[in-house]
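Student: This is the content of structure32.txt (compact mmCIF, C-alpha atoms):
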```txt
# COMPACT_ATOMS: atom_id res chain seq x y z
CA ASP O 1 33.49 43.94 22.73
CA ALA O 2 32.63 40.36 21.85
CA GLY O 3 33.24 39.60 18.18
CA ILE O 4 29.71 39.06 16.92
CA THR O 5 28.57 40.11 13.47
CA GLN O 6 25.01 39.87 12.25
CA SER O 7 24.07 40.13 8.59
CA PRO O 8 22.16 41.65 7.04
CA ARG O 9 21.56 44.47 9.51
CA HIS O 10 18.44 45.56 7.67
CA LYS O 11 16.21 43.69 5.28
CA VAL O 12 12.84 44.32 3.68
CA THR O 13 11.15 41.38 2.04
CA GLU O 14 7.75 40.24 0.85
CA THR O 15 5.40 37.72 2.41
CA GLY O 16 6.14 34.19 1.31
CA THR O 17 9.81 34.69 0.46
CA PRO O 18 12.60 32.81 2.25
CA VAL O 19 14.97 34.79 4.45
CA THR O 20 18.23 33.78 6.10
CA LEU O 21 19.94 35.78 8.82
CA ARG O 22 23.54 35.02 9.67
CA CYS O 23 25.38 35.31 12.96
CA HIS O 24 29.15 35.06 12.88
CA GLN O 25 31.37 34.98 15.98
CA THR O 26 35.13 35.13 16.38
CA GLU O 27 35.13 34.15 20.09
CA ASN O 28 34.94 30.36 19.65
CA HIS O 29 32.04 30.27 22.15
CA ARG O 30 30.07 27.08 22.39
CA TYR O 31 26.56 28.51 22.80
CA MET O 32 24.75 30.64 20.23
CA TYR O 33 21.22 32.01 20.41
CA TRP O 34 18.63 33.73 18.27
CA TYR O 35 16.17 36.08 19.98
CA ARG O 36 13.49 38.31 18.56
CA GLN O 37 12.55 41.63 20.12
CA ASP O 38 9.10 43.11 19.72
CA PRO O 39 7.42 46.04 21.52
CA GLY O 40 5.52 44.77 24.53
CA HIS O 41 7.14 41.34 24.37
CA GLY O 42 10.75 41.93 25.29
CA LEU O 43 13.29 39.38 24.14
CA ARG O 44 11.98 35.93 23.23
CA LEU O 45 14.16 32.95 22.45
CA ILE O 46 13.65 31.40 19.01
CA HIS O 47 16.34 28.70 18.84
CA TYR O 48 19.71 28.08 20.35
CA SER O 49 22.74 25.91 19.70
CA TYR O 50 24.96 24.17 22.23
CA GLY O 51 27.52 22.95 19.69
CA VAL O 52 28.08 22.22 16.02
CA LYS O 53 24.95 20.57 14.64
CA ASP O 54 23.36 20.62 18.11
CA THR O 55 20.32 22.88 18.33
CA ASP O 56 17.14 23.16 20.36
CA LYS O 57 13.91 25.13 20.25
CA GLY O 58 13.05 28.18 22.26
CA GLU O 59 9.65 29.57 23.16
CA VAL O 60 8.77 31.02 19.71
CA SER O 61 10.33 28.54 17.27
CA ASP O 62 7.36 28.01 14.93
CA GLY O 63 8.14 29.26 11.41
CA TYR O 64 11.89 29.30 12.02
CA SER O 65 14.71 26.85 11.44
CA VAL O 66 18.39 27.06 12.32
CA SER O 67 21.64 25.46 11.32
CA ARG O 68 25.12 25.40 12.75
CA SER O 69 27.66 23.65 10.57
CA LYS O 70 30.65 25.51 12.05
CA THR O 71 31.39 26.82 15.51
CA GLU O 72 31.51 30.39 14.27
CA ASP O 73 28.26 30.54 12.25
CA PHE O 74 24.62 30.22 13.32
CA LEU O 75 21.99 30.71 10.63
CA LEU O 76 18.34 31.56 11.20
CA THR O 77 16.00 30.77 8.30
CA LEU O 78 12.44 31.84 7.71
CA GLU O 79 11.26 29.40 5.06
CA SER O 80 8.28 31.53 4.07
CA ALA O 81 8.27 34.91 5.76
CA THR O 82 5.03 36.30 7.21
CA SER O 83 4.19 39.79 8.43
CA SER O 84 4.13 38.51 12.02
CA GLN O 85 7.85 37.84 11.67
CA THR O 86 8.60 41.51 11.23
CA SER O 87 10.91 42.12 14.15
CA VAL O 88 14.41 42.89 15.32
CA TYR O 89 16.46 39.72 15.60
CA PHE O 90 19.39 39.43 17.97
CA CYS O 91 22.10 36.84 18.01
CA ALA O 92 23.87 36.12 21.30
CA ILE O 93 26.78 33.94 22.33
CA SER O 94 28.05 32.46 25.57
CA GLU O 95 30.71 30.15 26.88
CA SER O 96 29.69 27.20 29.01
CA HIS O 97 31.04 28.55 32.27
CA ARG O 98 29.43 31.91 31.63
CA LEU O 99 25.99 30.33 31.58
CA ASN O 100 26.21 30.07 35.33
CA THR O 101 26.69 33.82 35.48
CA GLY O 102 23.97 34.45 32.90
CA GLU O 103 26.30 36.44 30.70
CA LEU O 104 25.28 36.49 27.08
CA PHE O 105 27.02 38.72 24.56
CA PHE O 106 24.64 40.17 22.01
CA GLY O 107 25.12 41.29 18.45
CA GLU O 108 23.80 44.61 17.17
CA GLY O 109 20.60 43.17 15.77
CA SER O 110 19.03 42.62 12.36
CA ARG O 111 15.88 44.52 11.55
CA LEU O 112 13.55 42.52 9.30
CA THR O 113 10.43 43.95 7.71
CA VAL O 114 8.02 41.61 5.95
CA LEU O 115 5.54 43.41 3.69
CA GLY N 1 6.02 28.32 30.94
CA GLN N 2 8.10 30.50 33.14
CA GLN N 3 7.03 34.16 33.17
CA LEU N 4 8.74 37.28 34.38
CA ASN N 5 6.63 40.33 35.17
CA GLN N 6 8.63 43.51 34.92
CA SER N 7 7.37 46.92 35.98
CA PRO N 8 6.95 49.67 35.19
CA GLN N 9 6.82 49.30 31.41
CA SER N 10 8.16 52.82 30.96
CA MET N 11 9.44 55.72 33.01
CA PHE N 12 9.96 59.39 32.23
CA ILE N 13 12.19 61.14 34.76
CA GLN N 14 14.26 64.26 35.18
CA GLU N 15 18.01 64.13 35.26
CA GLY N 16 19.21 63.68 38.83
CA GLU N 17 16.21 61.67 40.01
CA ASP N 18 16.47 58.17 41.41
CA VAL N 19 14.86 55.28 39.56
CA SER N 20 13.45 51.99 40.81
CA MET N 21 12.16 49.06 38.80
CA ASN N 22 11.33 45.49 39.72
CA CYS N 23 10.73 42.04 38.38
CA THR N 24 8.69 39.16 39.75
CA SER N 25 8.63 35.53 38.73
CA SER N 26 6.07 32.77 38.86
CA SER N 27 8.80 30.33 39.83
CA ILE N 28 11.97 30.19 41.84
CA PHE N 29 15.35 30.45 40.15
CA ASN N 30 18.90 30.67 41.39
CA THR N 31 20.11 33.59 39.31
CA TRP N 32 18.67 37.05 38.71
CA LEU N 33 20.21 39.23 36.04
CA TRP N 34 19.80 42.80 34.89
CA TYR N 35 20.65 43.85 31.35
CA LYS N 36 20.59 47.27 29.70
CA GLN N 37 19.94 47.94 26.04
CA ASP N 38 21.10 51.25 24.64
CA PRO N 39 19.11 52.56 21.66
CA GLY N 40 20.12 50.69 18.50
CA GLU N 41 22.33 48.22 20.34
CA GLY N 42 22.12 44.75 21.81
CA PRO N 43 21.61 44.25 25.57
CA VAL N 44 24.60 44.24 27.90
CA LEU N 45 24.81 42.58 31.32
CA LEU N 46 24.82 45.09 34.19
CA ILE N 47 24.48 43.04 37.35
CA ALA N 48 24.16 39.37 38.26
CA LEU N 49 22.72 38.10 41.57
CA TYR N 50 23.17 34.56 42.84
CA LYS N 51 21.85 34.37 46.42
CA ALA N 52 18.55 35.24 48.06
CA GLY N 53 18.88 38.55 49.86
CA GLU N 54 22.03 39.49 47.96
CA LEU N 55 22.54 43.20 47.36
CA THR N 56 25.01 44.17 44.64
CA SER N 57 26.14 47.56 43.36
CA ASN N 58 27.73 48.64 40.11
CA GLY N 59 28.44 52.35 40.29
CA ARG N 60 25.12 54.17 40.60
CA LEU N 61 23.22 50.92 40.07
CA THR N 62 22.09 48.70 42.91
CA ALA N 63 20.22 45.43 42.53
CA GLN N 64 18.78 43.03 45.06
CA PHE N 65 17.79 39.38 44.92
CA GLY N 66 14.52 39.04 46.81
CA ILE N 67 14.37 36.81 49.87
CA THR N 68 11.53 34.77 48.39
CA ARG N 69 13.74 34.17 45.32
CA LYS N 70 10.82 35.22 43.16
CA ASP N 71 11.65 38.88 42.75
CA SER N 72 14.42 41.37 42.15
CA PHE N 73 14.83 45.14 42.21
CA LEU N 74 17.09 47.51 40.32
CA ASN N 75 17.70 51.04 41.53
CA ILE N 76 19.55 53.80 39.70
CA SER N 77 20.64 56.78 41.73
CA ALA N 78 21.12 60.32 40.42
CA SER N 79 20.13 59.51 36.84
CA ILE N 80 22.02 61.02 33.91
CA PRO N 81 21.06 61.28 30.22
CA SER N 82 23.13 58.23 29.24
CA ASP N 83 20.95 56.06 31.48
CA VAL N 84 18.28 56.09 28.77
CA GLY N 85 17.49 52.72 27.31
CA ILE N 86 15.59 49.54 28.05
CA TYR N 87 16.36 47.60 31.20
CA PHE N 88 15.64 43.89 31.20
CA CYS N 89 15.52 41.49 34.08
CA ALA N 90 16.32 37.88 33.30
CA GLN N 91 16.54 34.54 35.03
CA GLY N 92 19.51 32.39 34.20
CA GLY N 93 21.64 29.58 35.48
CA SER N 94 20.68 27.25 32.63
CA GLU N 95 21.14 27.03 28.87
CA LYS N 96 18.11 29.24 28.28
CA LEU N 97 17.81 32.75 29.61
CA VAL N 98 14.27 34.04 30.13
CA PHE N 99 13.85 37.79 29.85
CA GLY N 100 11.24 40.16 31.19
CA LYS N 101 9.50 42.55 28.80
CA GLY N 102 11.69 45.45 29.79
CA THR N 103 11.40 48.88 31.37
CA LYS N 104 12.00 51.76 28.96
CA LEU N 105 13.70 54.65 30.70
CA THR N 106 13.68 58.22 29.37
CA VAL N 107 15.75 60.85 31.15
CA ASN N 108 14.99 64.49 30.48
CA PRO N 109 17.97 66.84 30.86
```
Rewrite the structure from the file as structure tokens, please.

Tutor:
Amino acid sequence: DAGITQSPRHKVTETGTPVTLRCHQTENHRYMYWYRQDPGHGLRLIHYSYGVKDTDKGEVSDGYSVSRSKTEDFLLTLESATSSQTSVYFCAISESHRLNTGELFFGEGSRLTVL
Amino acid sequence: GQQLNQSPQSMFIQEGEDVSMNCTSSSIFNTWLWYKQDPGEGPVLLIALYKAGELTSNGRLTAQFGITRKDSFLNISASIPSDVGIYFCAQGGSEKLVFGKGTKLTVNP
């Protein structure tokens, strides 16, 4: 199994509070991704990173920011959480050559509930 | 933006039955992928397809890359209880993978 750790795995918070989810990898992969999974919507890309300090937006980036100061860590921040951000968040990693094969390795997910 | 239409949304079958699901795209891509998500886990790549018309098998799973390059099919033969989960199609070959909404499969023993 790919070495991907997401934390926290579960979090309940209140509307308006800041939240940071962390993805940590031990594979030294270049690419890291944050997806959210919601019933009826499948997996939607929030942000991704193609190197340290190099990030780009996905299809549902509004309300989210990311940072990658080290190869192994990719942080997802909700500056002011809203109920619409209640979701399961997945981190994924990939090496450059694996992008041609479409192989992403996913973490186990972080379930966030915003009350 | 690019959209993938995956059907059916859910399936309830008996153990031993064959399963078929498909995915269509509004645009042409060079790579079709099928992922499976077990309950409580992250998705895992099952099969990758790279050429129009390509037919690839992985055990009881068979997937095909449509000739028009806008669709793909996944078949599961002789289903077993551990086949339960959500199956996602995806289009890749670039930095961003686009996923379908998934087909949730339930297998009754």

Student: Within 8 Å of (6.6, 42.6, 5.8) in the file's own coordinates, which protein, DNA or RNA residues have an atom, counting all atoms listed in the file? List them as a PyMOL selection string.

Tutor: chain O and resi 12-15+81-86+112-115

Student: Would you tabulate, counting all atoms listed in the file, all residues of chain N that have an atom at most 12 Å from an atom of chain O, showing the closest pair of atoms and their distance in Å to one decimal, sorted by chain then ascending number, as JSON lines?

Tutor:
```
{"residue": "N:Gly1", "atom": "CA", "partner": "O:Glu59", "partner_atom": "CA", "distance": 8.7}
{"residue": "N:Gln2", "atom": "CA", "partner": "O:Glu59", "partner_atom": "CA", "distance": 10.1}
{"residue": "N:Gln3", "atom": "CA", "partner": "O:Arg44", "partner_atom": "CA", "distance": 11.2}
{"residue": "N:Leu4", "atom": "CA", "partner": "O:Gly42", "partner_atom": "CA", "distance": 10.4}
{"residue": "N:Asn5", "atom": "CA", "partner": "O:Gly42", "partner_atom": "CA", "distance": 10.8}
{"residue": "N:Gln6", "atom": "CA", "partner": "O:Gly42", "partner_atom": "CA", "distance": 10.0}
{"residue": "N:Ser7", "atom": "CA", "partner": "O:Gly40", "partner_atom": "CA", "distance": 11.8}
{"residue": "N:Pro8", "atom": "CA", "partner": "O:Gly40", "partner_atom": "CA", "distance": 11.8}
{"residue": "N:Gln9", "atom": "CA", "partner": "O:Gly40", "partner_atom": "CA", "distance": 8.3}
{"residue": "N:Ser10", "atom": "CA", "partner": "O:Gly40", "partner_atom": "CA", "distance": 10.6}
{"residue": "N:Phe29", "atom": "CA", "partner": "O:Asn100", "partner_atom": "CA", "distance": 11.9}
{"residue": "N:Asn30", "atom": "CA", "partner": "O:Asn100", "partner_atom": "CA", "distance": 9.5}
{"residue": "N:Thr31", "atom": "CA", "partner": "O:Gly102", "partner_atom": "CA", "distance": 7.5}
{"residue": "N:Trp32", "atom": "CA", "partner": "O:Gly102", "partner_atom": "CA", "distance": 8.3}
{"residue": "N:Leu33", "atom": "CA", "partner": "O:Gly102", "partner_atom": "CA", "distance": 6.8}
{"residue": "N:Trp34", "atom": "CA", "partner": "O:Gly102", "partner_atom": "CA", "distance": 9.5}
{"residue": "N:Tyr35", "atom": "CA", "partner": "O:Glu103", "partner_atom": "CA", "distance": 9.3}
{"residue": "N:Lys36", "atom": "CA", "partner": "O:Phe106", "partner_atom": "CA", "distance": 11.2}
{"residue": "N:Gln37", "atom": "CA", "partner": "O:Phe106", "partner_atom": "CA", "distance": 9.9}
{"residue": "N:Asp38", "atom": "CA", "partner": "O:Glu108", "partner_atom": "CA", "distance": 10.4}
{"residue": "N:Pro39", "atom": "CA", "partner": "O:Glu108", "partner_atom": "CA", "distance": 10.3}
{"residue": "N:Gly40", "atom": "CA", "partner": "O:Glu108", "partner_atom": "CA", "distance": 7.2}
{"residue": "N:Glu41", "atom": "CA", "partner": "O:Glu108", "partner_atom": "CA", "distance": 5.0}
{"residue": "N:Gly42", "atom": "CA", "partner": "O:Glu108", "partner_atom": "CA", "distance": 4.9}
{"residue": "N:Pro43", "atom": "CA", "partner": "O:Phe106", "partner_atom": "CA", "distance": 6.2}
{"residue": "N:Val44", "atom": "CA", "partner": "O:Phe105", "partner_atom": "CA", "distance": 6.9}
{"residue": "N:Leu45", "atom": "CA", "partner": "O:Glu103", "partner_atom": "CA", "distance": 6.3}
{"residue": "N:Leu46", "atom": "CA", "partner": "O:Glu103", "partner_atom": "CA", "distance": 9.4}
{"residue": "N:Ile47", "atom": "CA", "partner": "O:Glu103", "partner_atom": "CA", "distance": 9.5}
{"residue": "N:Ala48", "atom": "CA", "partner": "O:Thr101", "partner_atom": "CA", "distance": 6.7}
{"residue": "N:Leu49", "atom": "CA", "partner": "O:Thr101", "partner_atom": "CA", "distance": 8.4}
{"residue": "N:Tyr50", "atom": "CA", "partner": "O:Thr101", "partner_atom": "CA", "distance": 8.2}
{"residue": "N:Lys51", "atom": "CA", "partner": "O:Thr101", "partner_atom": "CA", "distance": 12.0}
{"residue": "N:Ile86", "atom": "CA", "partner": "O:Gly42", "partner_atom": "CA", "distance": 9.4}
{"residue": "N:Tyr87", "atom": "CA", "partner": "O:Gly42", "partner_atom": "CA", "distance": 9.9}
{"residue": "N:Phe88", "atom": "CA", "partner": "O:Gly42", "partner_atom": "CA", "distance": 7.9}
{"residue": "N:Cys89", "atom": "CA", "partner": "O:Gly42", "partner_atom": "CA", "distance": 10.0}
{"residue": "N:Ala90", "atom": "CA", "partner": "O:Gly102", "partner_atom": "CA", "distance": 8.4}
{"residue": "N:Gln91", "atom": "CA", "partner": "O:Gly102", "partner_atom": "CA", "distance": 7.7}
{"residue": "N:Gly92", "atom": "CA", "partner": "O:Gly102", "partner_atom": "CA", "distance": 5.1}
{"residue": "N:Gly93", "atom": "CA", "partner": "O:Asn100", "partner_atom": "CA", "distance": 4.6}
{"residue": "N:Ser94", "atom": "CA", "partner": "O:Leu99", "partner_atom": "CA", "distance": 6.2}
{"residue": "N:Glu95", "atom": "CA", "partner": "O:Leu99", "partner_atom": "CA", "distance": 6.5}
{"residue": "N:Lys96", "atom": "CA", "partner": "O:Gly58", "partner_atom": "CA", "distance": 7.9}
{"residue": "N:Leu97", "atom": "CA", "partner": "O:Gly102", "partner_atom": "CA", "distance": 7.2}
{"residue": "N:Val98", "atom": "CA", "partner": "O:Arg44", "partner_atom": "CA", "distance": 7.5}
{"residue": "N:Phe99", "atom": "CA", "partner": "O:Leu43", "partner_atom": "CA", "distance": 6.0}
{"residue": "N:Gly100", "atom": "CA", "partner": "O:Gly42", "partner_atom": "CA", "distance": 6.2}
{"residue": "N:Lys101", "atom": "CA", "partner": "O:Gly42", "partner_atom": "CA", "distance": 3.8}
{"residue": "N:Gly102", "atom": "CA", "partner": "O:Gly42", "partner_atom": "CA", "distance": 5.8}
{"residue": "N:Thr103", "atom": "CA", "partner": "O:Gly42", "partner_atom": "CA", "distance": 9.3}
{"residue": "N:Lys104", "atom": "CA", "partner": "O:Pro39", "partner_atom": "CA", "distance": 10.4}
```

Student: Near N:Asn108, within 8 Å and counting all atoms listed in the file, which residues show up once chain neighbours fewer than 4 positions away are dropped, as a list in words?

Tutor: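 Answer for this query is Phe12, Ile13, Gln14, Glu15 and Pro81 of chain N.
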
Student: Which residues come within 6 Å of N:Asn75, counting only C-alpha atoms, excluding same-chain residues fewer than 3 positions away, as a list in words?

Tutor: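 Close residues of N:Asn75: Val19, Ser20, Leu61 and Thr62 of chain N.
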
Student: So the first atom is atom CA of O:Thr20 and the second is atom CA of O:Val88; what is the distance between them in Å, to one decimal place?

Tutor: 13.5 Å
